[in-house]
$ cat upload.cif   # mmCIF, C-alpha atoms and all ligand atoms
data_data
#
loop_
_atom_site.label_atom_id
_atom_site.label_comp_id
_atom_site.auth_asym_id
_atom_site.auth_seq_id
_atom_site.Cartn_x
_atom_site.Cartn_y
_atom_site.Cartn_z
CA MET A 1 153.22 -114.28 132.40
CA THR A 2 151.45 -111.91 134.82
CA ASN A 3 151.56 -111.92 138.61
CA ALA A 4 148.01 -113.32 138.48
CA ASP A 5 149.30 -116.26 136.42
CA LEU A 6 151.92 -116.95 139.10
CA GLU A 7 149.27 -116.83 141.84
CA LYS A 8 147.90 -120.02 140.26
CA ILE A 9 151.27 -121.80 140.44
CA VAL A 10 152.81 -120.80 143.81
CA ASP A 11 151.64 -119.28 147.10
CA THR A 12 152.13 -115.62 146.18
CA SER A 13 150.14 -112.50 145.36
CA ASP A 14 150.26 -109.63 142.91
CA GLU A 15 150.47 -107.31 145.92
CA TRP A 16 153.56 -109.09 147.35
CA ILE A 17 155.40 -109.26 144.03
CA ALA A 18 154.62 -105.69 142.94
CA SER A 19 155.40 -104.10 146.30
CA ARG A 20 158.62 -106.10 146.94
CA THR A 21 160.03 -106.05 143.40
CA GLY A 22 158.12 -103.66 141.10
CA ILE A 23 157.44 -106.55 138.70
CA ARG A 24 153.95 -107.00 137.19
CA GLU A 25 154.67 -109.16 134.15
CA ARG A 26 157.54 -111.12 132.66
CA ARG A 27 157.92 -112.71 129.21
CA VAL A 28 158.15 -116.46 128.56
CA ALA A 29 159.50 -117.30 125.10
CA ASN A 30 157.42 -120.38 124.35
CA GLY A 31 158.36 -122.09 121.09
CA MET A 32 161.65 -120.23 120.83
CA VAL A 33 165.16 -120.94 121.96
CA THR A 34 167.78 -118.46 123.15
CA SER A 35 169.39 -118.07 119.73
CA ASP A 36 166.00 -117.30 118.11
CA MET A 37 165.48 -114.35 120.46
CA ALA A 38 169.06 -113.22 119.89
CA VAL A 39 168.58 -113.24 116.11
CA ILE A 40 165.45 -111.06 116.36
CA ALA A 41 167.23 -108.47 118.54
CA ALA A 42 170.45 -108.55 116.52
CA THR A 43 168.65 -108.20 113.16
CA SER A 44 166.84 -105.17 114.51
CA ALA A 45 170.12 -103.68 115.81
CA LEU A 46 171.81 -104.11 112.40
CA GLU A 47 168.87 -102.35 110.72
CA MET A 48 168.89 -99.51 113.24
CA ALA A 49 172.66 -99.03 112.81
CA ASP A 50 172.36 -99.33 109.01
CA THR A 51 175.01 -102.04 109.11
CA ASP A 52 175.51 -104.87 106.66
CA ARG A 53 176.09 -108.32 108.19
CA ASP A 54 179.44 -108.64 106.41
CA GLU A 55 180.73 -105.59 108.30
CA ILE A 56 180.49 -107.41 111.64
CA GLU A 57 183.94 -108.67 112.62
CA MET A 58 183.10 -109.83 116.12
CA LEU A 59 179.93 -111.25 117.69
CA ILE A 60 179.92 -111.31 121.48
CA LEU A 61 176.89 -112.87 123.12
CA ALA A 62 176.23 -112.67 126.86
CA THR A 63 174.07 -115.43 128.33
CA VAL A 64 173.84 -118.09 131.04
CA THR A 65 171.15 -119.95 129.07
CA PRO A 66 172.76 -120.99 125.75
CA ASP A 67 170.87 -123.38 123.45
CA TYR A 68 173.50 -126.07 124.04
CA ARG A 69 176.44 -126.68 126.34
CA LEU A 70 178.52 -126.91 123.18
CA PRO A 71 178.88 -124.96 120.89
CA SER A 72 178.42 -121.41 122.16
CA ALA A 73 175.13 -119.63 121.50
CA ALA A 74 177.18 -117.04 119.61
CA CYS A 75 178.18 -119.66 117.02
CA VAL A 76 174.54 -120.74 116.62
CA VAL A 77 173.51 -117.10 116.07
CA GLN A 78 176.42 -116.62 113.68
CA GLU A 79 175.15 -119.49 111.55
CA LYS A 80 171.50 -118.34 111.65
CA MET A 81 172.44 -114.77 110.65
CA GLU A 82 175.21 -115.72 108.23
CA LEU A 83 177.69 -113.44 109.97
CA ASN A 84 180.50 -115.08 108.05
CA ASN A 85 183.15 -112.39 108.63
CA ALA A 86 182.90 -112.49 112.43
CA GLY A 87 184.64 -114.25 115.28
CA ALA A 88 181.91 -115.32 117.68
CA PHE A 89 181.99 -116.27 121.36
CA ASP A 90 179.87 -116.23 124.52
CA VAL A 91 180.43 -114.35 127.74
CA VAL A 92 179.16 -116.00 130.94
CA ALA A 93 178.70 -113.29 133.55
CA ALA A 94 175.01 -113.61 134.49
CA CYS A 95 173.20 -110.27 134.85
CA THR A 96 176.44 -108.31 134.23
CA GLY A 97 177.19 -110.14 130.98
CA PHE A 98 176.16 -107.32 128.66
CA ILE A 99 178.51 -104.87 130.42
CA ASN A 100 181.39 -107.37 130.07
CA ALA A 101 180.59 -108.03 126.41
CA LEU A 102 180.37 -104.32 125.63
CA SER A 103 183.71 -103.59 127.27
CA ILE A 104 185.41 -106.44 125.36
CA ALA A 105 184.00 -105.08 122.08
CA SER A 106 185.12 -101.58 122.98
CA SER A 107 188.68 -102.77 123.78
CA PHE A 108 189.02 -104.61 120.46
CA ILE A 109 187.83 -101.50 118.61
CA GLU A 110 190.09 -99.13 120.56
CA ASN A 111 193.07 -101.41 119.91
CA GLY A 112 192.35 -101.14 116.19
CA ASN A 113 191.76 -104.89 115.80
CA ILE A 114 188.22 -104.52 114.46
CA LYS A 115 185.88 -101.78 113.28
CA LYS A 116 182.45 -103.20 114.09
CA ALA A 117 181.11 -105.60 116.71
CA LEU A 118 177.67 -106.96 117.42
CA VAL A 119 176.97 -107.33 121.14
CA ILE A 120 173.95 -109.31 122.33
CA GLY A 121 172.49 -109.90 125.79
CA VAL A 122 169.95 -112.73 125.78
CA GLU A 123 168.39 -115.14 128.24
CA LYS A 124 165.80 -117.86 128.27
CA LEU A 125 165.63 -117.98 132.06
CA SER A 126 162.24 -119.73 131.94
CA THR A 127 164.16 -122.95 131.20
CA PHE A 128 166.30 -122.39 134.27
CA THR A 129 163.68 -121.21 136.75
CA ASN A 130 162.17 -123.42 139.45
CA TYR A 131 158.43 -122.74 139.18
CA LYS A 132 157.92 -124.46 142.54
CA ASP A 133 160.07 -121.88 144.37
CA ARG A 134 158.17 -118.64 145.05
CA ASN A 135 161.39 -116.97 146.23
CA THR A 136 162.79 -117.00 142.70
CA CYS A 137 160.16 -117.81 140.08
CA VAL A 138 158.37 -114.47 140.41
CA LEU A 139 161.54 -112.56 139.55
CA PHE A 140 162.81 -113.87 136.23
CA GLY A 141 161.81 -113.56 132.56
CA ASP A 142 163.05 -114.12 129.01
CA GLY A 143 164.37 -111.46 126.65
CA ALA A 144 167.03 -110.25 124.25
CA GLY A 145 168.69 -106.97 123.32
CA ALA A 146 171.53 -106.07 120.99
CA VAL A 147 173.76 -103.20 119.93
CA VAL A 148 176.24 -102.51 117.14
CA VAL A 149 179.49 -100.99 118.39
CA SER A 150 181.51 -99.15 115.71
CA ALA A 151 184.83 -97.33 115.46
CA GLU A 152 184.12 -93.62 115.09
CA GLU A 153 186.15 -90.40 115.16
CA GLY A 154 185.32 -87.80 117.80
CA ASP A 155 184.57 -87.89 121.51
CA ARG A 156 181.33 -89.90 121.45
CA GLY A 157 181.22 -93.55 122.43
CA ILE A 158 182.20 -95.82 125.29
CA ILE A 159 184.34 -93.71 127.64
CA ASN A 160 185.20 -96.25 130.28
CA SER A 161 184.08 -99.47 131.94
CA PHE A 162 184.57 -101.07 135.34
CA ILE A 163 184.12 -104.76 136.17
CA LYS A 164 184.62 -106.45 139.55
CA SER A 165 183.59 -109.75 141.07
CA ASP A 166 183.82 -111.68 144.34
CA GLY A 167 183.70 -115.46 143.98
CA ARG A 168 183.40 -115.88 147.75
CA TYR A 169 179.71 -115.05 147.23
CA ARG A 170 179.21 -117.56 144.41
CA LYS A 171 176.67 -119.65 146.33
CA LEU A 172 174.32 -116.71 146.93
CA LEU A 173 173.04 -117.19 143.40
CA TRP A 174 173.87 -120.43 141.67
CA SER A 175 172.79 -123.69 140.12
CA GLU A 176 174.35 -126.71 141.80
CA VAL A 177 173.61 -129.52 139.37
CA GLY A 178 174.34 -129.86 135.66
CA GLY A 179 177.99 -128.80 135.44
CA ALA A 180 181.17 -130.88 135.71
CA ALA A 181 181.08 -130.74 139.54
CA ASN A 182 177.66 -132.42 139.72
CA PRO A 183 176.74 -133.82 136.30
CA TYR A 184 173.20 -134.88 135.56
CA SER A 185 172.52 -138.51 136.48
CA GLU A 186 169.32 -140.47 136.12
CA SER A 187 169.39 -141.61 139.76
CA PHE A 188 169.81 -138.15 141.30
CA ASP A 189 166.85 -136.26 142.78
CA PHE A 190 167.54 -132.74 141.54
CA ASN A 191 164.93 -131.16 143.84
CA GLY A 192 165.31 -127.89 141.95
CA ASN A 193 169.10 -127.76 142.48
CA ASP A 194 169.61 -127.73 138.72
CA LYS A 195 167.65 -124.46 138.55
CA ILE A 196 168.39 -120.99 139.94
CA MET A 197 168.95 -121.01 143.72
CA MET A 198 169.24 -117.69 145.50
CA ASN A 199 169.71 -115.92 148.82
CA GLY A 200 167.75 -112.77 147.92
CA SER A 201 168.25 -110.60 150.97
CA ASP A 202 172.07 -110.92 151.06
CA ILE A 203 172.26 -110.20 147.33
CA PHE A 204 170.02 -107.19 147.79
CA LYS A 205 172.41 -105.47 150.21
CA ILE A 206 175.57 -106.21 148.21
CA ALA A 207 173.84 -105.16 144.95
CA VAL A 208 172.92 -101.72 146.29
CA LYS A 209 176.42 -101.07 147.61
CA GLU A 210 178.40 -102.34 144.63
CA MET A 211 176.12 -100.97 141.88
CA SER A 212 176.43 -97.56 143.55
CA ASN A 213 180.23 -97.83 143.82
CA ALA A 214 180.56 -98.99 140.20
CA THR A 215 178.37 -96.14 138.93
CA LEU A 216 180.35 -93.52 140.84
CA LYS A 217 183.67 -95.05 139.73
CA VAL A 218 183.01 -94.75 135.99
CA ILE A 219 181.69 -91.21 136.45
CA GLU A 220 184.60 -90.04 138.63
CA ASP A 221 187.27 -91.79 136.52
CA ALA A 222 186.04 -89.70 133.58
CA GLY A 223 186.40 -86.49 135.60
CA LEU A 224 182.62 -86.03 135.71
CA THR A 225 180.09 -85.70 138.52
CA VAL A 226 176.66 -87.31 138.97
CA ASP A 227 175.10 -84.01 137.85
CA ASP A 228 176.67 -84.50 134.39
CA ILE A 229 174.78 -87.78 133.86
CA ALA A 230 171.61 -87.53 131.73
CA ILE A 231 170.36 -91.05 132.45
CA VAL A 232 171.31 -94.17 134.38
CA VAL A 233 170.21 -97.44 132.75
CA PRO A 234 170.45 -100.03 135.52
CA HIS A 235 170.03 -103.78 135.50
CA GLN A 236 166.34 -104.35 136.25
CA ALA A 237 166.35 -106.81 139.16
CA ASN A 238 164.25 -105.10 141.81
CA ILE A 239 162.79 -101.58 141.87
CA ARG A 240 163.85 -101.24 145.50
CA ILE A 241 167.49 -102.00 144.60
CA ILE A 242 167.31 -99.32 141.88
CA GLU A 243 165.68 -96.76 144.20
CA ALA A 244 168.29 -97.43 146.88
CA LEU A 245 171.05 -97.02 144.26
CA ALA A 246 169.60 -93.66 143.17
CA LYS A 247 169.39 -92.48 146.78
CA ARG A 248 172.95 -93.58 147.53
CA ILE A 249 174.53 -91.82 144.54
CA LYS A 250 172.16 -88.85 144.94
CA ILE A 251 170.49 -88.87 141.53
CA SER A 252 166.81 -88.17 140.92
CA MET A 253 164.67 -91.17 139.91
CA ASP A 254 163.60 -89.01 136.92
CA LYS A 255 167.09 -89.73 135.54
CA VAL A 256 166.89 -93.49 136.11
CA PHE A 257 165.28 -95.69 133.45
CA LEU A 258 162.78 -98.32 134.59
CA ASN A 259 161.02 -101.08 132.66
CA ILE A 260 161.12 -103.82 135.28
CA ALA A 261 157.30 -103.88 135.59
CA LYS A 262 156.97 -105.40 132.09
CA TYR A 263 159.91 -107.80 131.95
CA GLY A 264 161.16 -108.71 135.44
CA ASN A 265 164.80 -109.69 135.71
CA THR A 266 166.06 -110.85 132.31
CA SER A 267 169.71 -111.17 133.42
CA ALA A 268 172.10 -110.40 130.52
CA ALA A 269 169.20 -109.05 128.41
CA SER A 270 168.11 -106.55 131.04
CA VAL A 271 170.47 -103.63 130.30
CA PRO A 272 170.21 -103.74 126.47
CA LEU A 273 166.40 -104.06 126.69
CA ALA A 274 166.28 -101.00 128.94
CA LEU A 275 168.80 -99.09 126.81
CA ASP A 276 166.76 -99.72 123.67
CA GLU A 277 163.50 -98.63 125.26
CA ALA A 278 165.11 -95.51 126.75
CA ASN A 279 166.49 -94.65 123.31
CA ARG A 280 163.25 -95.30 121.43
CA GLU A 281 161.31 -93.24 124.00
CA GLY A 282 163.61 -90.27 123.26
CA ARG A 283 165.09 -90.32 126.75
CA ILE A 284 168.66 -90.23 125.36
CA LYS A 285 169.89 -87.31 123.22
CA ASP A 286 173.10 -86.97 121.19
CA GLY A 287 175.97 -85.96 123.49
CA ASP A 288 174.26 -87.22 126.68
CA TYR A 289 176.32 -89.06 129.25
CA VAL A 290 174.69 -92.44 129.93
CA VAL A 291 175.70 -94.92 132.64
CA MET A 292 174.77 -98.60 132.36
CA VAL A 293 175.24 -100.59 135.54
CA ALA A 294 174.58 -104.22 136.43
CA PHE A 295 175.01 -106.84 139.13
CA GLY A 296 174.52 -110.58 139.20
CA GLY A 297 175.50 -114.14 140.04
CA GLY A 298 179.22 -114.66 140.62
CA LEU A 299 178.84 -112.33 142.32
CA ILE A 300 179.89 -109.91 139.58
CA TRP A 301 179.13 -106.27 138.94
CA GLY A 302 180.13 -103.54 136.52
CA ALA A 303 179.32 -100.24 134.88
CA THR A 304 179.95 -98.50 131.56
CA LEU A 305 179.92 -94.77 130.84
CA VAL A 306 178.92 -93.76 127.32
CA LYS A 307 178.77 -90.39 125.58
CA TRP A 308 175.80 -91.00 123.27
N1 LIG A 401 155.28 -114.35 147.48
C1 LIG A 401 154.97 -114.27 148.77
N2 LIG A 401 155.88 -114.37 149.77
C2 LIG A 401 157.15 -114.58 149.40
C3 LIG A 401 157.54 -114.69 148.05
C4 LIG A 401 156.54 -114.59 147.08
N3 LIG A 401 156.82 -114.67 145.78
N4 LIG A 401 158.87 -114.89 148.01
C5 LIG A 401 159.31 -114.90 149.26
N5 LIG A 401 158.27 -114.72 150.10
C6 LIG A 401 158.31 -114.69 151.55
C7 LIG A 401 159.46 -115.52 152.08
O1 LIG A 401 159.07 -116.87 152.21
C8 LIG A 401 159.70 -114.89 153.41
O2 LIG A 401 158.72 -115.35 154.32
P1 LIG A 401 159.09 -115.63 155.86
O3 LIG A 401 159.53 -114.30 156.41
O4 LIG A 401 157.81 -116.13 156.42
O5 LIG A 401 160.19 -116.63 155.81
C9 LIG A 401 159.44 -113.43 153.12
O6 LIG A 401 158.59 -113.37 151.97
C10 LIG A 401 160.72 -112.71 152.77
O7 LIG A 401 160.41 -111.41 152.91
P2 LIG A 401 161.56 -110.33 152.84
O8 LIG A 401 162.80 -110.81 153.50
O9 LIG A 401 160.99 -109.08 153.38
O10 LIG A 401 161.79 -110.25 151.32
P3 LIG A 401 162.65 -109.16 150.64
O11 LIG A 401 162.15 -107.82 150.93
O12 LIG A 401 164.13 -109.42 150.87
O13 LIG A 401 162.36 -109.44 149.12
C11 LIG A 401 163.45 -110.39 147.23
C12 LIG A 401 162.79 -110.65 148.57
C13 LIG A 401 162.43 -109.76 146.31
C14 LIG A 401 163.95 -111.69 146.67
C15 LIG A 401 164.63 -109.40 147.44
O14 LIG A 401 165.45 -109.83 148.49
C16 LIG A 401 165.46 -109.23 146.19
O15 LIG A 401 165.02 -108.75 145.18
N6 LIG A 401 166.74 -109.55 146.26
C17 LIG A 401 167.64 -109.46 145.14
C18 LIG A 401 167.64 -110.75 144.44
C19 LIG A 401 167.87 -110.62 142.96
O16 LIG A 401 167.50 -109.68 142.34
N7 LIG A 401 168.48 -111.65 142.39
C20 LIG A 401 168.66 -111.71 141.02
C21 LIG A 401 170.05 -111.78 140.59
S1 LIG A 401 171.11 -110.65 141.28
C22 LIG A 401 170.53 -109.30 140.64
O17 LIG A 401 170.03 -109.38 139.56
C23 LIG A 401 170.69 -108.03 141.39
#
$ encode --input "upload.cif" --output "structure tokens"
Amino acid sequence: MTNADLEKIVDTSDEWIASRTGIRERRVANGMVTSDMAVIAATSALEMADTDRDEIEMLILATVTPDYRLPSAACVVQEKMELNNAGAFDVVAACTGFINALSIASSFIENGNIKKALVIGVEKLSTFTNYKDRNTCVLFGDGAGAVVVSAEEGDRGIINSFIKSDGRYRKLLWSEVGGAANPYSESFDFNGNDKIMMNGSDIFKIAVKEMSNATLKVIEDAGLTVDDIAIVVPHQANIRIIEALAKRIKISMDKVFLNIAKYGNTSAASVPLALDEANREGRIKDGDYVVMVAFGGGLIWGATLVKW
């Protein structure tokens, strides 16, 4: 769905969207559900990591748009991929979900509980977007990304992670109707309250501050400096948030990966989509220090430092 397509639906323009957000297109997964996208990404990740499905002992799937309220999307994906040796569960942490899922996988591996985990970030936000609200509908898209996390000797891998949240800000980005607090009822006029509702400018300011702090924390906790980092792979929400983050932590935009123009904000899928493209484009070399950082509804934010 291009910005021109959106011009036909709401009072907006390609110029406004591109200049305020950096987004030119976003994907809409017509004819597919969340688990279908997850299976495509996860199958590709298993191939890339030369991993057999029976080796996967844990499947962690980050999403706020599961196929069903019950069971988890992870269990649907488990069935579709026949991952019969895994324990599967979802993580609900909006745009930060992939960082949370990755750090859980890493902890289980470090503790010696498991040797291999499959971590997926996937969203079908098009089902959850109010296409009458120009403040939000121009931002979001569908997508999926996945990684295999394995126990390995040596100093490469996930070095540390940081996760923080502040529930006092929960109504800056939320969906009021559809949960136990306000269940769906036939007589209720939803008026878009069952879709994503957002206060963009407040989120913008907090996102810049906390994504910067989280990035610096994982770098400094590892005894490194920003100069040691080969590439930052940030959550792709708004190019201006990412540019402000780079300025604040004093890193060149040459070392910050961007693909927001093609996908918009894909929430939990955003970081793994960007990581995969950065990797396939040869932007990440063996031994590079990579920081992934994200921020989203909760509000919740986090970062992970990896030695590739
Ligand atoms: N097209 C045209 N005009 C629009 C559109 C649109 N699609 N959307 C909003 N506007 C108008 C508003 O109605 C408002 O008009 P008004 O001043 O007459 O009331 C005006 O534009 C708002 O302009 P700004 O305040 O300058 O907008 P801003 O620069 O803050 O950009 C945006 C808005 C893009 C939402 C920005 O605040 C943002 O990206 N915030 C972060 C939100 C976000 O990313 N949320 C996702 C989850 S959290 C995360 O992932 C980080």
$ atom_distance --input "upload.cif" --atom1 "atom CA of Asp90 of chain A" --atom2 "atom CA of Ala151 of chain A"
21.5 Å
$ axis_aligned_box --input "upload.cif" --around "segment 160-176 of chain A" --padding-each-side "8 Å" --output "lines of an AutoDock Vina configuration file"
center_x = 179.0
center_y = -111.5
center_z = 139.0
size_x = 28.4
size_y = 46.5
size_z = 33.5
$ residues_around --input "upload.cif" --residues "Thr304 of chain A" --least-positions-apart "2" --cutoff "7 Å" --atoms "all atoms listed in the file" --output "JSON, numbers by chain"
{"A": [99, 160, 161, 162, 218, 291, 292, 293, 306]}
$ residues_around --input "upload.cif" --residues "segment 37-53 of chain A" --least-positions-apart "4" --cutoff "8 Å" --atoms "all atoms listed in the file" --output "VMD selection string"
chain A and resid 32 to 33 77 80 to 83 118 120 to 122 143 to 148
$ write_last_selection --input "upload.cif" --atoms "C-alpha atoms" --output "JSON list (two decimals), keeping the file's coordinate frame"
[["chain", "number", "residue", "atom", "x", "y", "z"],
["A", 32, "MET", "CA", 161.65, -120.23, 120.83],
["A", 33, "VAL", "CA", 165.16, -120.94, 121.96],
["A", 77, "VAL", "CA", 173.51, -117.10, 116.07],
["A", 80, "LYS", "CA", 171.50, -118.34, 111.65],
["A", 81, "MET", "CA", 172.44, -114.77, 110.65],
["A", 82, "GLU", "CA", 175.21, -115.72, 108.23],
["A", 83, "LEU", "CA", 177.69, -113.44, 109.97],
["A", 118, "LEU", "CA", 177.67, -106.96, 117.42],
["A", 120, "ILE", "CA", 173.95, -109.31, 122.33],
["A", 121, "GLY", "CA", 172.49, -109.90, 125.79],
["A", 122, "VAL", "CA", 169.95, -112.73, 125.78],
["A", 143, "GLY", "CA", 164.37, -111.46, 126.65],
["A", 144, "ALA", "CA", 167.03, -110.25, 124.25],
["A", 145, "GLY", "CA", 168.69, -106.97, 123.32],
["A", 146, "ALA", "CA", 171.53, -106.07, 120.99],
["A", 147, "VAL", "CA", 173.76, -103.20, 119.93],
["A", 148, "VAL", "CA", 176.24, -102.51, 117.14]]
$ closest_atom_pairs --input "upload.cif" --of "chain A" --to "ligand LIG 401 (chain A)" --cutoff "7 Å" --atoms "all atoms listed in the file" --output "tab-separated table"
residue	atom	partner	partner_atom	distance
A:Asp11	CA	A:LIG401	N1	6.1
A:Thr12	CA	A:LIG401	N1	3.6
A:Ser13	CA	A:LIG401	N1	5.9
A:Trp16	CA	A:LIG401	N1	5.5
A:Ile17	CA	A:LIG401	N3	5.9
A:Arg20	CA	A:LIG401	C13	5.3
A:Thr21	CA	A:LIG401	C13	5.3
A:Cys95	CA	A:LIG401	O17	5.7
A:Arg134	CA	A:LIG401	N3	4.3
A:Asn135	CA	A:LIG401	N4	3.7
A:Thr136	CA	A:LIG401	C14	6.7
A:Val138	CA	A:LIG401	N3	5.6
A:Leu173	CA	A:LIG401	C21	6.8
A:Met198	CA	A:LIG401	N7	6.8
A:Gly200	CA	A:LIG401	N6	3.8
A:Ser201	CA	A:LIG401	O14	3.8
A:Ile203	CA	A:LIG401	C17	5.2
A:Phe204	CA	A:LIG401	C17	4.2
A:Ala207	CA	A:LIG401	C23	5.6
A:His235	CA	A:LIG401	O17	6.9
A:Ala237	CA	A:LIG401	O16	4.4
A:Asn238	CA	A:LIG401	O15	5.0
A:Asn265	CA	A:LIG401	O17	6.5
A:Ser267	CA	A:LIG401	O17	6.4
A:Phe295	CA	A:LIG401	C23	5.0
A:Gly296	CA	A:LIG401	S1	4.0
A:Gly297	CA	A:LIG401	S1	5.7
$ closest_residue --input "upload.cif" --among "A:Thr34, A:Thr96, A:Ser252, A:Gln236" --to "Glu123 of chain A" --atoms "all atoms listed in the file"
A:Thr34
$ residues_around --input "upload.cif" --residues "segment 240-250 of chain A" --least-positions-apart "5" --cutoff "12 Å" --atoms "all atoms listed in the file" --output "CSV table (one decimal) with C-alpha atoms, in the frame of the given file"
chain,number,residue,atom,x,y,z
A,17,ILE,CA,155.4,-109.3,144.0
A,18,ALA,CA,154.6,-105.7,142.9
A,19,SER,CA,155.4,-104.1,146.3
A,20,ARG,CA,158.6,-106.1,146.9
A,21,THR,CA,160.0,-106.0,143.4
A,22,GLY,CA,158.1,-103.7,141.1
A,23,ILE,CA,157.4,-106.6,138.7
A,200,GLY,CA,167.8,-112.8,147.9
A,201,SER,CA,168.2,-110.6,151.0
A,202,ASP,CA,172.1,-110.9,151.1
A,203,ILE,CA,172.3,-110.2,147.3
A,204,PHE,CA,170.0,-107.2,147.8
A,205,LYS,CA,172.4,-105.5,150.2
A,206,ILE,CA,175.6,-106.2,148.2
A,207,ALA,CA,173.8,-105.2,145.0
A,208,VAL,CA,172.9,-101.7,146.3
A,209,LYS,CA,176.4,-101.1,147.6
A,210,GLU,CA,178.4,-102.3,144.6
A,211,MET,CA,176.1,-101.0,141.9
A,212,SER,CA,176.4,-97.6,143.6
A,213,ASN,CA,180.2,-97.8,143.8
A,214,ALA,CA,180.6,-99.0,140.2
A,215,THR,CA,178.4,-96.1,138.9
A,216,LEU,CA,180.4,-93.5,140.8
A,217,LYS,CA,183.7,-95.0,139.7
A,219,ILE,CA,181.7,-91.2,136.4
A,220,GLU,CA,184.6,-90.0,138.6
A,225,THR,CA,180.1,-85.7,138.5
A,226,VAL,CA,176.7,-87.3,139.0
A,227,ASP,CA,175.1,-84.0,137.8
A,229,ILE,CA,174.8,-87.8,133.9
A,231,ILE,CA,170.4,-91.0,132.4
A,232,VAL,CA,171.3,-94.2,134.4
A,233,VAL,CA,170.2,-97.4,132.8
A,234,PRO,CA,170.4,-100.0,135.5
A,235,HIS,CA,170.0,-103.8,135.5
A,255,LYS,CA,167.1,-89.7,135.5
A,256,VAL,CA,166.9,-93.5,136.1
A,257,PHE,CA,165.3,-95.7,133.4
A,258,LEU,CA,162.8,-98.3,134.6
A,259,ASN,CA,161.0,-101.1,132.7
A,260,ILE,CA,161.1,-103.8,135.3
A,293,VAL,CA,175.2,-100.6,135.5
A,294,ALA,CA,174.6,-104.2,136.4
A,295,PHE,CA,175.0,-106.8,139.1
$ closest_residue --input "upload.cif" --among "A:Val119, A:Ala105, A:Cys137, A:Ala88" --to "Asn3 of chain A" --atoms "all atoms listed in the file"
A:Cys137
$ residues_around --input "upload.cif" --residues "Asp155 of chain A" --least-positions-apart "6" --cutoff "12 Å" --atoms "all atoms listed in the file" --output "VMD selection string"
chain A and resid 286 to 289 306 to 308
$ closest_residue --input "upload.cif" --among "A:Trp174, A:Asp5, A:Asn130, A:Phe89" --to "Leu70 of chain A" --atoms "all atoms listed in the file"
A:Phe89
$ closest_residue --input "upload.cif" --among "A:Met197, A:Val76, A:Ala101, A:Ala222" --to "Thr129 of chain A" --atoms "all atoms listed in the file"
A:Met197
$ atom_distance --input "upload.cif" --atom1 "atom CA of Ala86 of chain A" --atom2 "atom CA of Lys116 of chain A"
9.4 Å
$ build_atoms --input "upload.cif" --residues "segment 24-35 of chain A" --atoms "N, CA and C atoms" --output "JSON list (two decimals), in the frame of the given file"
[["chain", "number", "residue", "atom", "x", "y", "z"],
["A", 24, "ARG", "N", 155.36, -106.66, 137.41],
["A", 24, "ARG", "CA", 153.95, -107.00, 137.19],
["A", 24, "ARG", "C", 153.78, -108.10, 136.16],
["A", 25, "GLU", "N", 154.70, -108.14, 135.20],
["A", 25, "GLU", "CA", 154.67, -109.16, 134.15],
["A", 25, "GLU", "C", 156.10, -109.55, 133.84],
["A", 26, "ARG", "N", 156.26, -110.74, 133.24],
["A", 26, "ARG", "CA", 157.54, -111.12, 132.66],
["A", 26, "ARG", "C", 157.20, -111.93, 131.41],
["A", 27, "ARG", "N", 158.15, -112.01, 130.48],
["A", 27, "ARG", "CA", 157.92, -112.71, 129.21],
["A", 27, "ARG", "C", 158.43, -114.14, 129.29],
["A", 28, "VAL", "N", 157.69, -115.07, 128.67],
["A", 28, "VAL", "CA", 158.15, -116.46, 128.56],
["A", 28, "VAL", "C", 158.15, -116.80, 127.07],
["A", 29, "ALA", "N", 159.33, -117.12, 126.55],
["A", 29, "ALA", "CA", 159.50, -117.30, 125.10],
["A", 29, "ALA", "C", 159.14, -118.72, 124.70],
["A", 30, "ASN", "N", 157.86, -119.04, 124.75],
["A", 30, "ASN", "CA", 157.42, -120.38, 124.35],
["A", 30, "ASN", "C", 157.68, -120.58, 122.85],
["A", 31, "GLY", "N", 158.15, -121.78, 122.50],
["A", 31, "GLY", "CA", 158.36, -122.09, 121.09],
["A", 31, "GLY", "C", 159.59, -121.47, 120.49],
["A", 32, "MET", "N", 160.42, -120.86, 121.33],
["A", 32, "MET", "CA", 161.65, -120.23, 120.83],
["A", 32, "MET", "C", 162.80, -120.64, 121.72],
["A", 33, "VAL", "N", 163.98, -120.72, 121.14],
["A", 33, "VAL", "CA", 165.16, -120.94, 121.96],
["A", 33, "VAL", "C", 165.95, -119.64, 122.06],
["A", 34, "THR", "N", 166.99, -119.67, 122.88],
["A", 34, "THR", "CA", 167.78, -118.46, 123.15],
["A", 34, "THR", "C", 168.27, -117.82, 121.85],
["A", 35, "SER", "N", 168.82, -118.63, 120.96],
["A", 35, "SER", "CA", 169.39, -118.07, 119.73],
["A", 35, "SER", "C", 168.31, -117.41, 118.86]]
